[in-house]
file work21.cif (mmCIF, C-alpha atoms and all ligand atoms)
data_entry
loop_
_atom_site.label_atom_id
_atom_site.label_comp_id
_atom_site.auth_asym_id
_atom_site.auth_seq_id
_atom_site.Cartn_x
_atom_site.Cartn_y
_atom_site.Cartn_z
CA MET A 1 -17.99 3.56 -13.14
CA ALA A 2 -19.45 1.39 -15.89
CA SER A 3 -20.12 3.24 -19.11
CA TYR A 4 -22.21 1.82 -21.94
CA ARG A 5 -21.69 2.71 -25.59
CA VAL A 6 -25.03 3.34 -27.26
CA ALA A 7 -25.48 4.38 -30.90
CA LEU A 8 -28.22 6.99 -31.17
CA LEU A 9 -29.90 6.82 -34.58
CA ALA A 10 -32.70 9.37 -34.50
CA GLY A 11 -33.63 9.16 -38.19
CA ASP A 12 -36.50 11.25 -39.54
CA GLY A 13 -39.77 12.88 -38.50
CA ILE A 14 -40.55 12.49 -34.81
CA GLY A 15 -37.59 10.07 -34.43
CA GLY A 16 -35.33 12.77 -32.97
CA GLU A 17 -37.96 14.10 -30.56
CA VAL A 18 -38.80 10.74 -29.02
CA THR A 19 -35.27 9.28 -28.86
CA ALA A 20 -34.08 12.45 -27.10
CA GLN A 21 -36.53 11.67 -24.27
CA ALA A 22 -35.53 8.00 -24.21
CA ALA A 23 -31.85 8.97 -23.92
CA ARG A 24 -32.68 11.37 -21.07
CA VAL A 25 -34.52 8.66 -19.19
CA LEU A 26 -31.56 6.27 -19.63
CA GLU A 27 -29.19 8.92 -18.31
CA ALA A 28 -31.43 9.58 -15.34
CA VAL A 29 -31.82 5.92 -14.43
CA GLY A 30 -28.06 5.41 -14.94
CA LYS A 31 -27.26 8.28 -12.60
CA ARG A 32 -29.30 6.65 -9.86
CA ALA A 33 -27.52 3.32 -10.45
CA GLY A 34 -24.02 4.81 -10.75
CA VAL A 35 -23.48 4.00 -14.43
CA SER A 36 -23.26 6.22 -17.47
CA PHE A 37 -24.15 6.10 -21.14
CA GLU A 38 -22.03 7.35 -23.96
CA PHE A 39 -24.44 8.21 -26.79
CA THR A 40 -22.92 8.60 -30.24
CA PRO A 41 -25.27 9.99 -32.89
CA GLY A 42 -25.31 8.42 -36.35
CA LEU A 43 -27.07 9.34 -39.59
CA ILE A 44 -29.73 7.02 -40.98
CA GLY A 45 -32.69 7.13 -43.36
CA GLY A 46 -33.78 10.33 -45.08
CA ALA A 47 -31.45 12.43 -42.96
CA ALA A 48 -28.54 10.31 -44.20
CA ILE A 49 -29.74 10.52 -47.82
CA ASP A 50 -29.75 14.32 -47.59
CA ALA A 51 -26.31 14.48 -45.99
CA THR A 52 -24.46 11.67 -47.77
CA GLY A 53 -26.56 10.44 -50.69
CA GLY A 54 -27.43 7.05 -49.16
CA PRO A 55 -29.69 5.82 -46.31
CA LEU A 56 -26.97 3.95 -44.37
CA PRO A 57 -23.52 5.55 -44.43
CA LYS A 58 -20.59 3.20 -43.73
CA GLN A 59 -19.73 5.25 -40.69
CA THR A 60 -23.14 4.58 -39.15
CA LEU A 61 -22.82 0.85 -39.73
CA GLU A 62 -19.38 0.87 -38.11
CA LEU A 63 -20.75 2.84 -35.19
CA CYS A 64 -23.51 0.23 -34.75
CA ARG A 65 -21.06 -2.64 -34.91
CA SER A 66 -18.87 -1.11 -32.21
CA SER A 67 -21.71 -0.17 -29.85
CA GLN A 68 -23.32 -2.29 -27.15
CA ALA A 69 -26.79 -1.30 -28.23
CA ILE A 70 -28.61 0.91 -30.73
CA LEU A 71 -31.38 3.31 -29.80
CA PHE A 72 -33.33 3.94 -32.96
CA GLY A 73 -36.02 6.50 -33.83
CA ALA A 74 -37.83 6.10 -37.16
CA VAL A 75 -37.03 6.50 -40.87
CA GLY A 76 -38.82 7.69 -43.97
CA GLY A 77 -41.12 10.49 -45.03
CA PRO A 78 -42.83 12.10 -48.03
CA LYS A 79 -39.60 13.85 -49.03
CA TRP A 80 -37.96 10.51 -49.98
CA ASP A 81 -41.03 8.55 -51.09
CA HIS A 82 -40.37 9.13 -54.79
CA LEU A 83 -37.02 7.30 -54.67
CA PRO A 84 -36.71 3.83 -56.19
CA GLN A 85 -37.24 0.94 -53.71
CA GLU A 86 -33.56 0.17 -53.27
CA GLU A 87 -32.66 3.79 -52.41
CA ARG A 88 -35.50 4.65 -50.04
CA ALA A 89 -34.95 5.83 -46.48
CA GLU A 90 -36.39 2.55 -45.12
CA ARG A 91 -33.53 0.64 -46.76
CA GLY A 92 -31.18 1.99 -44.09
CA LEU A 93 -33.09 0.15 -41.38
CA LEU A 94 -33.48 -3.03 -43.43
CA ALA A 95 -29.72 -3.05 -44.11
CA ILE A 96 -28.81 -2.72 -40.41
CA ARG A 97 -31.16 -5.55 -39.45
CA LYS A 98 -29.54 -7.79 -42.06
CA ASP A 99 -25.96 -6.75 -41.45
CA LEU A 100 -26.18 -7.31 -37.68
CA ASP A 101 -28.28 -10.46 -38.17
CA LEU A 102 -31.02 -9.17 -35.87
CA TYR A 103 -33.42 -11.96 -36.68
CA ALA A 104 -35.76 -11.85 -33.69
CA ASN A 105 -37.98 -8.81 -33.32
CA LEU A 106 -39.84 -8.67 -30.01
CA ARG A 107 -42.91 -6.46 -29.99
CA PRO A 108 -44.88 -6.49 -26.76
CA ALA A 109 -48.51 -5.32 -26.97
CA VAL A 110 -49.79 -4.66 -23.49
CA CYS A 111 -53.04 -2.92 -22.68
CA PHE A 112 -52.29 -0.85 -19.59
CA PRO A 113 -55.36 -0.82 -17.31
CA MET A 114 -55.53 2.99 -17.27
CA LEU A 115 -55.48 3.13 -21.08
CA VAL A 116 -58.26 0.63 -21.72
CA ASP A 117 -60.48 3.42 -22.99
CA ALA A 118 -57.80 4.79 -25.35
CA SER A 119 -58.30 1.77 -27.61
CA PRO A 120 -61.05 2.10 -30.20
CA LEU A 121 -62.01 -1.48 -29.28
CA LYS A 122 -64.43 -2.29 -26.46
CA ARG A 123 -63.14 -2.53 -22.91
CA SER A 124 -64.53 -6.08 -22.67
CA VAL A 125 -62.31 -7.09 -25.60
CA VAL A 126 -58.97 -5.43 -24.81
CA GLU A 127 -58.89 -5.51 -21.02
CA GLY A 128 -56.10 -7.79 -19.81
CA THR A 129 -54.30 -8.03 -23.18
CA ASP A 130 -50.64 -8.93 -22.75
CA ILE A 131 -49.11 -10.31 -25.95
CA MET A 132 -45.53 -10.66 -27.16
CA VAL A 133 -45.29 -10.74 -30.94
CA ILE A 134 -42.02 -12.20 -32.17
CA ARG A 135 -41.45 -11.32 -35.78
CA GLU A 136 -38.72 -12.97 -37.85
CA LEU A 137 -36.77 -9.98 -39.15
CA THR A 138 -34.07 -10.96 -41.63
CA GLY A 139 -35.78 -13.31 -44.05
CA GLY A 140 -38.92 -13.84 -46.12
CA LEU A 141 -40.32 -11.42 -48.68
CA TYR A 142 -38.26 -8.50 -47.39
CA TYR A 143 -34.96 -9.98 -48.57
CA GLY A 144 -35.79 -12.94 -50.81
CA GLU A 145 -34.27 -13.29 -54.28
CA PRO A 146 -35.16 -13.04 -57.07
CA ARG A 147 -36.83 -9.68 -56.77
CA GLY A 148 -37.30 -6.77 -59.13
CA ILE A 149 -39.40 -5.28 -61.91
CA GLU A 150 -39.17 -6.20 -65.57
CA GLN A 151 -40.50 -3.75 -68.16
CA PHE A 152 -41.76 -5.22 -71.41
CA ALA A 153 -41.67 -3.62 -74.86
CA ASP A 154 -45.49 -3.46 -75.02
CA GLY A 155 -45.50 -1.20 -71.94
CA SER A 156 -46.62 -3.87 -69.51
CA ALA A 157 -44.45 -5.05 -66.63
CA ARG A 158 -43.87 -7.90 -64.22
CA ALA A 159 -42.68 -7.59 -60.62
CA VAL A 160 -41.35 -10.30 -58.31
CA ASN A 161 -40.70 -10.70 -54.59
CA THR A 162 -39.78 -14.06 -53.15
CA MET A 163 -40.80 -15.51 -49.81
CA VAL A 164 -37.95 -17.79 -48.85
CA TYR A 165 -36.90 -19.40 -45.56
CA THR A 166 -34.35 -22.04 -44.67
CA SER A 167 -35.03 -24.49 -41.85
CA ARG A 168 -32.14 -22.94 -39.94
CA GLU A 169 -33.71 -19.49 -40.10
CA ILE A 170 -37.02 -20.87 -38.90
CA GLU A 171 -35.45 -22.90 -36.14
CA ARG A 172 -33.54 -20.07 -34.51
CA VAL A 173 -36.51 -17.71 -34.32
CA ALA A 174 -38.73 -20.58 -33.16
CA ARG A 175 -36.28 -21.14 -30.28
CA THR A 176 -36.52 -17.47 -29.37
CA GLY A 177 -40.30 -17.91 -29.39
CA PHE A 178 -40.21 -20.88 -27.03
CA GLU A 179 -37.64 -19.26 -24.72
CA VAL A 180 -39.74 -16.11 -24.45
CA ALA A 181 -42.97 -18.07 -23.94
CA ARG A 182 -41.28 -20.06 -21.20
CA LYS A 183 -40.67 -16.84 -19.26
CA ARG A 184 -44.27 -15.75 -19.79
CA ARG A 185 -47.46 -17.84 -19.64
CA ARG A 186 -46.01 -20.82 -21.53
CA LYS A 187 -48.19 -20.65 -24.60
CA LEU A 188 -46.77 -20.13 -28.08
CA THR A 189 -48.90 -19.48 -31.15
CA SER A 190 -47.03 -20.01 -34.41
CA VAL A 191 -48.67 -18.11 -37.26
CA ASP A 192 -48.38 -19.18 -40.89
CA LYS A 193 -50.38 -19.77 -44.09
CA ALA A 194 -49.79 -23.50 -44.27
CA ASN A 195 -52.98 -24.14 -46.24
CA VAL A 196 -51.48 -22.28 -49.23
CA LEU A 197 -47.74 -21.58 -48.98
CA VAL A 198 -44.98 -24.21 -49.09
CA VAL A 199 -42.80 -21.90 -47.04
CA SER A 200 -45.43 -22.21 -44.32
CA THR A 201 -45.44 -26.01 -44.59
CA LEU A 202 -41.73 -25.98 -43.74
CA TRP A 203 -42.31 -23.33 -41.06
CA ARG A 204 -44.92 -25.48 -39.34
CA GLU A 205 -42.76 -28.63 -39.55
CA VAL A 206 -39.70 -26.94 -38.06
CA VAL A 207 -41.60 -25.14 -35.29
CA THR A 208 -43.28 -28.42 -34.33
CA ARG A 209 -39.92 -30.20 -34.20
CA VAL A 210 -38.31 -27.45 -32.09
CA GLY A 211 -41.34 -27.63 -29.80
CA LYS A 212 -40.31 -31.15 -28.74
CA ASP A 213 -37.48 -29.50 -26.79
CA TYR A 214 -40.03 -27.40 -24.90
CA PRO A 215 -42.61 -29.82 -23.50
CA ASP A 216 -43.53 -27.25 -20.83
CA VAL A 217 -44.75 -24.77 -23.50
CA THR A 218 -48.12 -25.34 -25.20
CA LEU A 219 -47.74 -24.87 -28.96
CA GLU A 220 -50.60 -24.05 -31.29
CA HIS A 221 -50.57 -23.23 -35.01
CA LEU A 222 -52.85 -20.59 -36.45
CA LEU A 223 -53.37 -19.41 -40.02
CA VAL A 224 -52.51 -15.75 -40.44
CA ASP A 225 -55.96 -14.66 -41.67
CA ASN A 226 -57.58 -16.35 -38.70
CA CYS A 227 -55.01 -14.88 -36.33
CA SER A 228 -55.68 -11.36 -37.55
CA MET A 229 -59.38 -11.85 -36.77
CA ALA A 230 -58.76 -13.48 -33.38
CA LEU A 231 -56.46 -10.61 -32.35
CA VAL A 232 -59.34 -8.15 -32.34
CA GLN A 233 -61.99 -10.65 -31.32
CA ARG A 234 -60.37 -12.24 -28.27
CA PRO A 235 -56.83 -10.92 -27.78
CA THR A 236 -56.57 -12.31 -24.25
CA GLN A 237 -56.29 -15.84 -25.69
CA PHE A 238 -52.76 -14.99 -26.88
CA ASP A 239 -49.55 -15.09 -24.91
CA THR A 240 -46.55 -15.30 -27.27
CA ILE A 241 -46.83 -15.25 -31.07
CA VAL A 242 -44.03 -16.21 -33.46
CA THR A 243 -44.31 -15.57 -37.18
CA GLU A 244 -42.43 -14.72 -40.37
CA ASN A 245 -41.33 -11.24 -41.38
CA THR A 246 -44.27 -9.86 -43.39
CA PHE A 247 -47.01 -11.48 -41.30
CA GLY A 248 -45.28 -10.10 -38.20
CA ASP A 249 -45.09 -6.61 -39.68
CA ILE A 250 -48.84 -6.61 -40.27
CA LEU A 251 -49.95 -8.36 -37.09
CA SER A 252 -47.81 -6.17 -34.85
CA ASP A 253 -49.47 -3.01 -36.21
CA GLU A 254 -52.83 -4.61 -35.57
CA ALA A 255 -51.77 -5.52 -32.04
CA ALA A 256 -50.87 -1.86 -31.46
CA ILE A 257 -54.56 -1.02 -31.44
CA LEU A 258 -54.98 -3.30 -28.45
CA ALA A 259 -52.47 -1.20 -26.53
CA GLY A 260 -54.41 1.99 -27.22
CA SER A 261 -51.94 3.68 -29.54
CA MET A 262 -48.88 3.04 -31.68
CA GLY A 263 -47.27 5.61 -29.40
CA MET A 264 -47.12 2.95 -26.67
CA LEU A 265 -45.38 0.13 -28.53
CA ALA A 266 -41.72 -0.64 -27.97
CA SER A 267 -39.58 -3.20 -29.76
CA ALA A 268 -36.27 -5.02 -29.54
CA SER A 269 -34.44 -6.55 -32.48
CA LEU A 270 -32.05 -9.20 -31.30
CA GLY A 271 -29.48 -11.59 -32.67
CA ASP A 272 -27.83 -14.63 -31.16
CA ALA A 273 -26.39 -12.87 -28.13
CA SER A 274 -29.90 -12.28 -26.92
CA ALA A 275 -30.22 -15.94 -26.00
CA SER A 276 -30.35 -14.88 -22.36
CA LEU A 277 -33.56 -12.94 -23.10
CA GLY A 278 -33.45 -10.78 -20.07
CA ASP A 279 -32.44 -13.53 -17.72
CA ALA A 280 -29.82 -11.97 -15.47
CA SER A 281 -28.21 -15.33 -14.79
CA ALA A 282 -27.22 -15.91 -18.40
CA SER A 283 -24.14 -14.36 -19.92
CA LEU A 284 -24.22 -12.00 -22.85
CA GLY A 285 -21.77 -11.13 -25.58
CA GLY A 286 -21.60 -11.04 -29.33
CA THR A 287 -24.08 -9.14 -31.40
CA VAL A 288 -25.61 -5.79 -30.59
CA GLY A 289 -29.39 -5.24 -30.13
CA LEU A 290 -31.49 -2.53 -31.79
CA TYR A 291 -34.31 -0.84 -29.85
CA GLU A 292 -36.98 1.06 -31.64
CA PRO A 293 -40.52 2.36 -31.15
CA VAL A 294 -42.92 0.49 -33.46
CA HIS A 295 -44.50 3.74 -34.68
CA GLY A 296 -43.09 5.50 -37.70
CA THR A 297 -41.92 9.03 -38.43
CA ALA A 298 -45.43 10.59 -38.17
CA PRO A 299 -44.65 13.46 -40.61
CA ASP A 300 -48.02 15.07 -39.81
CA ILE A 301 -46.92 15.95 -36.26
CA ALA A 302 -43.11 16.07 -36.67
CA GLY A 303 -41.43 19.10 -35.12
CA GLN A 304 -44.48 20.07 -33.07
CA GLY A 305 -43.34 18.54 -29.79
CA VAL A 306 -46.57 16.59 -29.33
CA ALA A 307 -45.45 13.02 -30.15
CA ASN A 308 -45.80 10.38 -27.47
CA PRO A 309 -42.28 9.41 -26.32
CA ILE A 310 -43.46 6.39 -24.30
CA ALA A 311 -42.79 3.82 -27.06
CA ALA A 312 -39.20 5.09 -27.32
CA ILE A 313 -38.82 5.19 -23.52
CA LEU A 314 -40.14 1.64 -23.18
CA SER A 315 -37.71 0.64 -25.96
CA ALA A 316 -34.92 2.07 -23.79
CA ALA A 317 -36.17 -0.16 -20.96
CA MET A 318 -35.94 -3.15 -23.32
CA LEU A 319 -32.38 -2.08 -24.15
CA LEU A 320 -31.47 -2.29 -20.47
CA ARG A 321 -33.20 -5.64 -20.12
CA TYR A 322 -31.93 -7.46 -23.20
CA SER A 323 -28.58 -5.89 -24.13
CA LEU A 324 -27.19 -4.70 -20.82
CA ASP A 325 -28.76 -7.20 -18.42
CA ARG A 326 -29.89 -4.35 -16.17
CA ILE A 327 -33.25 -5.83 -15.24
CA ASP A 328 -33.86 -3.66 -12.16
CA ASP A 329 -33.29 -0.48 -14.14
CA ALA A 330 -35.62 -1.71 -16.89
CA ASP A 331 -38.30 -2.43 -14.27
CA ARG A 332 -37.74 1.01 -12.83
CA ILE A 333 -38.45 2.75 -16.14
CA GLU A 334 -41.54 0.63 -16.77
CA GLY A 335 -42.77 1.41 -13.26
CA ALA A 336 -42.25 5.14 -13.85
CA VAL A 337 -44.25 5.01 -17.10
CA ARG A 338 -47.12 3.25 -15.33
CA ARG A 339 -47.14 5.78 -12.50
CA VAL A 340 -47.22 8.76 -14.85
CA LEU A 341 -50.15 7.21 -16.73
CA GLU A 342 -51.92 6.34 -13.49
CA ARG A 343 -51.63 9.99 -12.46
CA GLY A 344 -53.61 10.82 -15.57
CA HIS A 345 -50.97 12.44 -17.78
CA ARG A 346 -51.63 11.93 -21.48
CA THR A 347 -50.11 12.90 -24.79
CA ARG A 348 -52.60 13.62 -27.55
CA ASP A 349 -52.68 10.11 -29.02
CA ILE A 350 -53.83 8.45 -25.79
CA ALA A 351 -56.07 11.20 -24.40
CA GLU A 352 -59.83 11.02 -24.25
CA PRO A 353 -61.60 13.59 -26.42
CA GLY A 354 -61.52 17.04 -24.83
CA ALA A 355 -59.05 16.02 -22.09
CA LYS A 356 -55.96 18.08 -21.26
CA THR A 357 -52.81 16.84 -23.02
CA ILE A 358 -49.09 17.31 -22.57
CA GLY A 359 -46.18 17.39 -25.03
CA THR A 360 -43.21 15.12 -25.72
CA ARG A 361 -40.78 16.91 -23.45
CA GLU A 362 -43.22 17.21 -20.53
CA MET A 363 -43.96 13.50 -20.73
CA GLY A 364 -40.20 12.85 -20.60
CA ASP A 365 -39.84 15.16 -17.57
CA LEU A 366 -42.66 13.43 -15.70
CA ILE A 367 -41.22 9.98 -16.36
CA VAL A 368 -37.77 11.05 -15.17
CA ASP A 369 -39.34 12.45 -11.99
CA ALA A 370 -41.39 9.28 -11.47
CA LEU A 371 -38.26 7.08 -11.46
CA ASP A 372 -38.06 7.75 -7.74
CA GLY A 373 -41.65 6.71 -7.08
C1 LIG B 1 -41.60 -1.80 -39.04
C2 LIG B 1 -41.70 -0.88 -40.24
C3 LIG B 1 -40.59 -1.25 -41.21
C4 LIG B 1 -40.84 -2.67 -41.67
C5 LIG B 1 -40.44 -0.29 -42.40
C6 LIG B 1 -40.21 1.13 -41.94
C7 LIG B 1 -39.33 -0.73 -43.32
O1 LIG B 1 -42.95 -0.95 -40.80
O2 LIG B 1 -40.54 -1.84 -38.40
O3 LIG B 1 -42.60 -2.45 -38.73
O4 LIG B 1 -41.65 -2.89 -42.58
O5 LIG B 1 -40.22 -3.58 -41.12
MG MG B 2 -44.35 -2.11 -39.69
#

call {"tool": "encode", "arguments": {"input": "work21.cif", "output": "structure tokens"}}
result
Amino acid sequence: MASYRVALLAGDGIGGEVTAQAARVLEAVGKRAGVSFEFTPGLIGGAAIDATGGPLPKQTLELCRSSQAILFGAVGGPKWDHLPQEERAERGLLAIRKDLDLYANLRPAVCFPMLVDASPLKRSVVEGTDIMVIRELTGGLYYGEPRGIEQFADGSARAVNTMVYTSREIERVARTGFEVARKRRRKLTSVDKANVLVVSTLWREVVTRVGKDYPDVTLEHLLVDNCSMALVQRPTQFDTIVTENTFGDILSDEAAILAGSMGMLASASLGDASASLGDASASLGGTVGLYEPVHGTAPDIAGQGVANPIAAILSAAMLLRYSLDRIDDADRIEGAVRRVLERGHRTRDIAEPGAKTIGTREMGDLIVDALDG
């Protein structure tokens, strides 16, 4: 019987509650398919700071390197917010992304028909939204040097972050963008700030050049300010978006509103081995993928058992699709999620005012049961 090694990094806040449900769903779908999962827990983020003094213990990094995939919860919280930048809980996640070279972050924003009214935006705007945001994840402002704060004798200070990209970094994520668009509706929007930033001038040049290899995909360029407006004005005009790290961080949160709630948004962070991008005919190997709900630790509801586990469960489906090439099992989980929503079950974040809601565990139970139809 095939057994897959998955690192389980719950992290902080609601991370543990939602990844527990995602792991259960993977086990249940595996049981039906005759495969098993070996989950090994690892410390990350605030939990790791409390236990070991740092946000990413060596042991956790080694666990990630030796696993086939990583199921990730969320990191951070008020308890660790006072720490200096370089020691914060979030650093644990940033360090894994960099160490494993997970440069392509796929964040689908789909408005499920039965959740149209969960979005604060009008039905006429969000209905039919189906966008894949691809965020570059290992470059730009997040990692650029020089960075730091200088304190001056007169009490004033100066702080620096650097947005830097090489053509190679742009090219590889652009290729991911075109490959993904090719499997969707063949339209790629590259987002930059080419009217102001030289980094964006290079970005636009490289994406345009890579586009020559994909004549079947329509490429358009959009400035980031304009894109952020268009996302809430006419989201159905978008298919696949590719953009740099910081723009992608911001635009993917905005896109979450189109899907009704952050509690619905899954993500996959992939490196070179993900070249197959869910195509069962291509072979895999090499780097490990990290799968994570887009929402954060939600300290306000942590420990109450009310968080929506669907983003984590859909991330588990992406894990099957992109790291393990188990497309049918991924489809099965996504089908189960749709059925449970169609039957009217809602966690608090996606419920209409006054409607009955269920908790994290119950939502997990219902999705496991719905795997069979
Ligand atoms: C995300 C988060 C992270 C990021 C934080 C937690 C470091 O906002 O994954 O979108 O900024 O990348
Ligand atoms: Mg973010």

call {"tool": "closest_residue", "arguments": {"input": "work21.cif", "among": "A:Gln68, A:Asn105, A:Thr189, A:Thr360", "to": "ligand LIG 1 (chain B)", "atoms": "all atoms listed in the file"}}
result
A:Asn105

call {"tool": "closest_residue", "arguments": {"input": "work21.cif", "among": "A:Ala316, A:Ala74, A:Val368, A:Met363", "to": "ligand MG 2 (chain B)", "atoms": "only C-alpha atoms and all ligand atoms"}}
result
A:Ala74

call {"tool": "residues_near_ligand", "arguments": {"input": "work21.cif", "ligand": "ligand LIG 1 (chain B)", "cutoff": "8 Å", "atoms": "only C-alpha atoms and all ligand atoms", "output": "list in words"}}
result
Ala74, Val75, Gly76, Glu90, Arg91, Leu93, Leu94, Leu137, Asn245, Thr246, Asp249, Ile250, Ser252, Asp253, Val294, His295 and Gly296 of chain A

call {"tool": "closest_residue", "arguments": {"input": "work21.cif", "among": "A:Leu290, A:Ala256, A:Ile310, A:Arg321", "to": "ligand MG 2 (chain B)", "atoms": "only C-alpha atoms and all ligand atoms"}}
result
A:Ala256

call {"tool": "closest_residue", "arguments": {"input": "work21.cif", "among": "A:Gly45, A:Gly139, A:Gly211, A:Gly34", "to": "Leu9 of chain A", "atoms": "all atoms listed in the file"}}
result
A:Gly45

call {"tool": "closest_residue", "arguments": {"input": "work21.cif", "among": "A:Ala307, A:Ala118, A:Ala317, A:Ile241", "to": "Thr218 of chain A", "atoms": "all atoms listed in the file"}}
result
A:Ile241

call {"tool": "closest_residue", "arguments": {"input": "work21.cif", "among": "A:Met163, A:Thr297, A:Thr60, A:Asn308", "to": "Ala351 of chain A", "atoms": "all atoms listed in the file"}}
result
A:Asn308

call {"tool": "residues_around", "arguments": {"input": "work21.cif", "residues": "Glu86 of chain A", "least_positions_apart": "3", "cutoff": "12 Å", "atoms": "only C-alpha atoms", "output": "JSON, numbers by chain"}}
result
{"A": [54, 55, 56, 80, 81, 82, 83, 89, 90, 91, 92, 93, 94, 95, 142, 143, 147, 148, 149]}

call {"tool": "atom_distance", "arguments": {"input": "work21.cif", "atom1": "atom CA of Gly359 of chain A", "atom2": "atom CA of Gly303 of chain A"}}
result
11.3 Å

call {"tool": "residues_around", "arguments": {"input": "work21.cif", "residues": "Phe112 of chain A", "least_positions_apart": "4", "cutoff": "10 Å", "atoms": "all atoms listed in the file", "output": "PDB file with C-alpha atoms, in the coordinates of the input"}}
result
ATOM      1  CA  VAL A 116     -58.260   0.630 -21.720  1.00  0.00           C
ATOM      2  CA  ASP A 117     -60.480   3.420 -22.990  1.00  0.00           C
ATOM      3  CA  ALA A 118     -57.800   4.790 -25.350  1.00  0.00           C
ATOM      4  CA  VAL A 126     -58.970  -5.430 -24.810  1.00  0.00           C
ATOM      5  CA  GLU A 127     -58.890  -5.510 -21.020  1.00  0.00           C
ATOM      6  CA  GLY A 128     -56.100  -7.790 -19.810  1.00  0.00           C
ATOM      7  CA  THR A 129     -54.300  -8.030 -23.180  1.00  0.00           C
ATOM      8  CA  ASP A 130     -50.640  -8.930 -22.750  1.00  0.00           C
ATOM      9  CA  LEU A 258     -54.980  -3.300 -28.450  1.00  0.00           C
ATOM     10  CA  ALA A 259     -52.470  -1.200 -26.530  1.00  0.00           C
ATOM     11  CA  GLY A 260     -54.410   1.990 -27.220  1.00  0.00           C
ATOM     12  CA  MET A 264     -47.120   2.950 -26.670  1.00  0.00           C
ATOM     13  CA  ARG A 338     -47.120   3.250 -15.330  1.00  0.00           C
ATOM     14  CA  LEU A 341     -50.150   7.210 -16.730  1.00  0.00           C
ATOM     15  CA  GLU A 342     -51.920   6.340 -13.490  1.00  0.00           C
TER      16      GLU A 342
END

call {"tool": "axis_aligned_box", "arguments": {"input": "work21.cif", "around": "segment 72-83 of chain A", "padding_each_side": "4 Å", "output": "JSON"}}
result
{"center_x": -38.1, "center_y": 8.9, "center_z": -43.9, "size_x": 17.5, "size_y": 17.9, "size_z": 29.8}

call {"tool": "residues_near_point", "arguments": {"input": "work21.cif", "point": "(-32.3, 11.9, -32.1)", "cutoff": "8 Å", "atoms": "only C-alpha atoms", "output": "list in words"}}
result
Leu8, Leu9, Ala10, Gly11, Gly15, Gly16, Glu17, Val18, Thr19, Ala20, Pro41 and Gly73 of chain A

call {"tool": "residues_around", "arguments": {"input": "work21.cif", "residues": "segment 177-181 of chain A", "least_positions_apart": "3", "cutoff": "7 Å", "atoms": "all atoms listed in the file", "output": "PyMOL selection string"}}
result
chain A and resi 134+173-174+184-188+214+217+240+242

call {"tool": "write_last_selection", "arguments": {"input": "work21.cif", "atoms": "C-alpha atoms", "output": "tab-separated table (two decimals), keeping the file's coordinate frame"}}
result
chain	number	residue	atom	x	y	z
A	134	ILE	CA	-42.02	-12.20	-32.17
A	173	VAL	CA	-36.51	-17.71	-34.32
A	174	ALA	CA	-38.73	-20.58	-33.16
A	184	ARG	CA	-44.27	-15.75	-19.79
A	185	ARG	CA	-47.46	-17.84	-19.64
A	186	ARG	CA	-46.01	-20.82	-21.53
A	187	LYS	CA	-48.19	-20.65	-24.60
A	188	LEU	CA	-46.77	-20.13	-28.08
A	214	TYR	CA	-40.03	-27.40	-24.90
A	217	VAL	CA	-44.75	-24.77	-23.50
A	240	THR	CA	-46.55	-15.30	-27.27
A	242	VAL	CA	-44.03	-16.21	-33.46

call {"tool": "residues_around", "arguments": {"input": "work21.cif", "residues": "segment 311-315 of chain A", "least_positions_apart": "6", "cutoff": "9 Å", "atoms": "all atoms listed in the file", "output": "ChimeraX atom specification"}}
result
/A:15,18-23,25-26,71-73,262-268,291-295,330,333-334,337,364,367

call {"tool": "write_last_selection", "arguments": {"input": "work21.cif", "atoms": "C-alpha atoms", "output": "short mmCIF file (atom, residue, chain, number, x, y, z; two decimals), in the coordinates of the input"}}
result
data_model
loop_
_atom_site.label_atom_id
_atom_site.label_comp_id
_atom_site.auth_asym_id
_atom_site.auth_seq_id
_atom_site.Cartn_x
_atom_site.Cartn_y
_atom_site.Cartn_z
CA GLY A 15 -37.59 10.07 -34.43
CA VAL A 18 -38.80 10.74 -29.02
CA THR A 19 -35.27 9.28 -28.86
CA ALA A 20 -34.08 12.45 -27.10
CA GLN A 21 -36.53 11.67 -24.27
CA ALA A 22 -35.53 8.00 -24.21
CA ALA A 23 -31.85 8.97 -23.92
CA VAL A 25 -34.52 8.66 -19.19
CA LEU A 26 -31.56 6.27 -19.63
CA LEU A 71 -31.38 3.31 -29.80
CA PHE A 72 -33.33 3.94 -32.96
CA GLY A 73 -36.02 6.50 -33.83
CA MET A 262 -48.88 3.04 -31.68
CA GLY A 263 -47.27 5.61 -29.40
CA MET A 264 -47.12 2.95 -26.67
CA LEU A 265 -45.38 0.13 -28.53
CA ALA A 266 -41.72 -0.64 -27.97
CA SER A 267 -39.58 -3.20 -29.76
CA ALA A 268 -36.27 -5.02 -29.54
CA TYR A 291 -34.31 -0.84 -29.85
CA GLU A 292 -36.98 1.06 -31.64
CA PRO A 293 -40.52 2.36 -31.15
CA VAL A 294 -42.92 0.49 -33.46
CA HIS A 295 -44.50 3.74 -34.68
CA ALA A 330 -35.62 -1.71 -16.89
CA ILE A 333 -38.45 2.75 -16.14
CA GLU A 334 -41.54 0.63 -16.77
CA VAL A 337 -44.25 5.01 -17.10
CA GLY A 364 -40.20 12.85 -20.60
CA ILE A 367 -41.22 9.98 -16.36
#

call {"tool": "atom_distance", "arguments": {"input": "work21.cif", "atom1": "atom CA of Leu115 of chain A", "atom2": "atom CA of Asp300 of chain A"}}
result
23.4 Å

call {"tool": "atom_distance", "arguments": {"input": "work21.cif", "atom1": "atom CA of Ser228 of chain A", "atom2": "atom CA of Ile131 of chain A"}}
result
13.4 Å
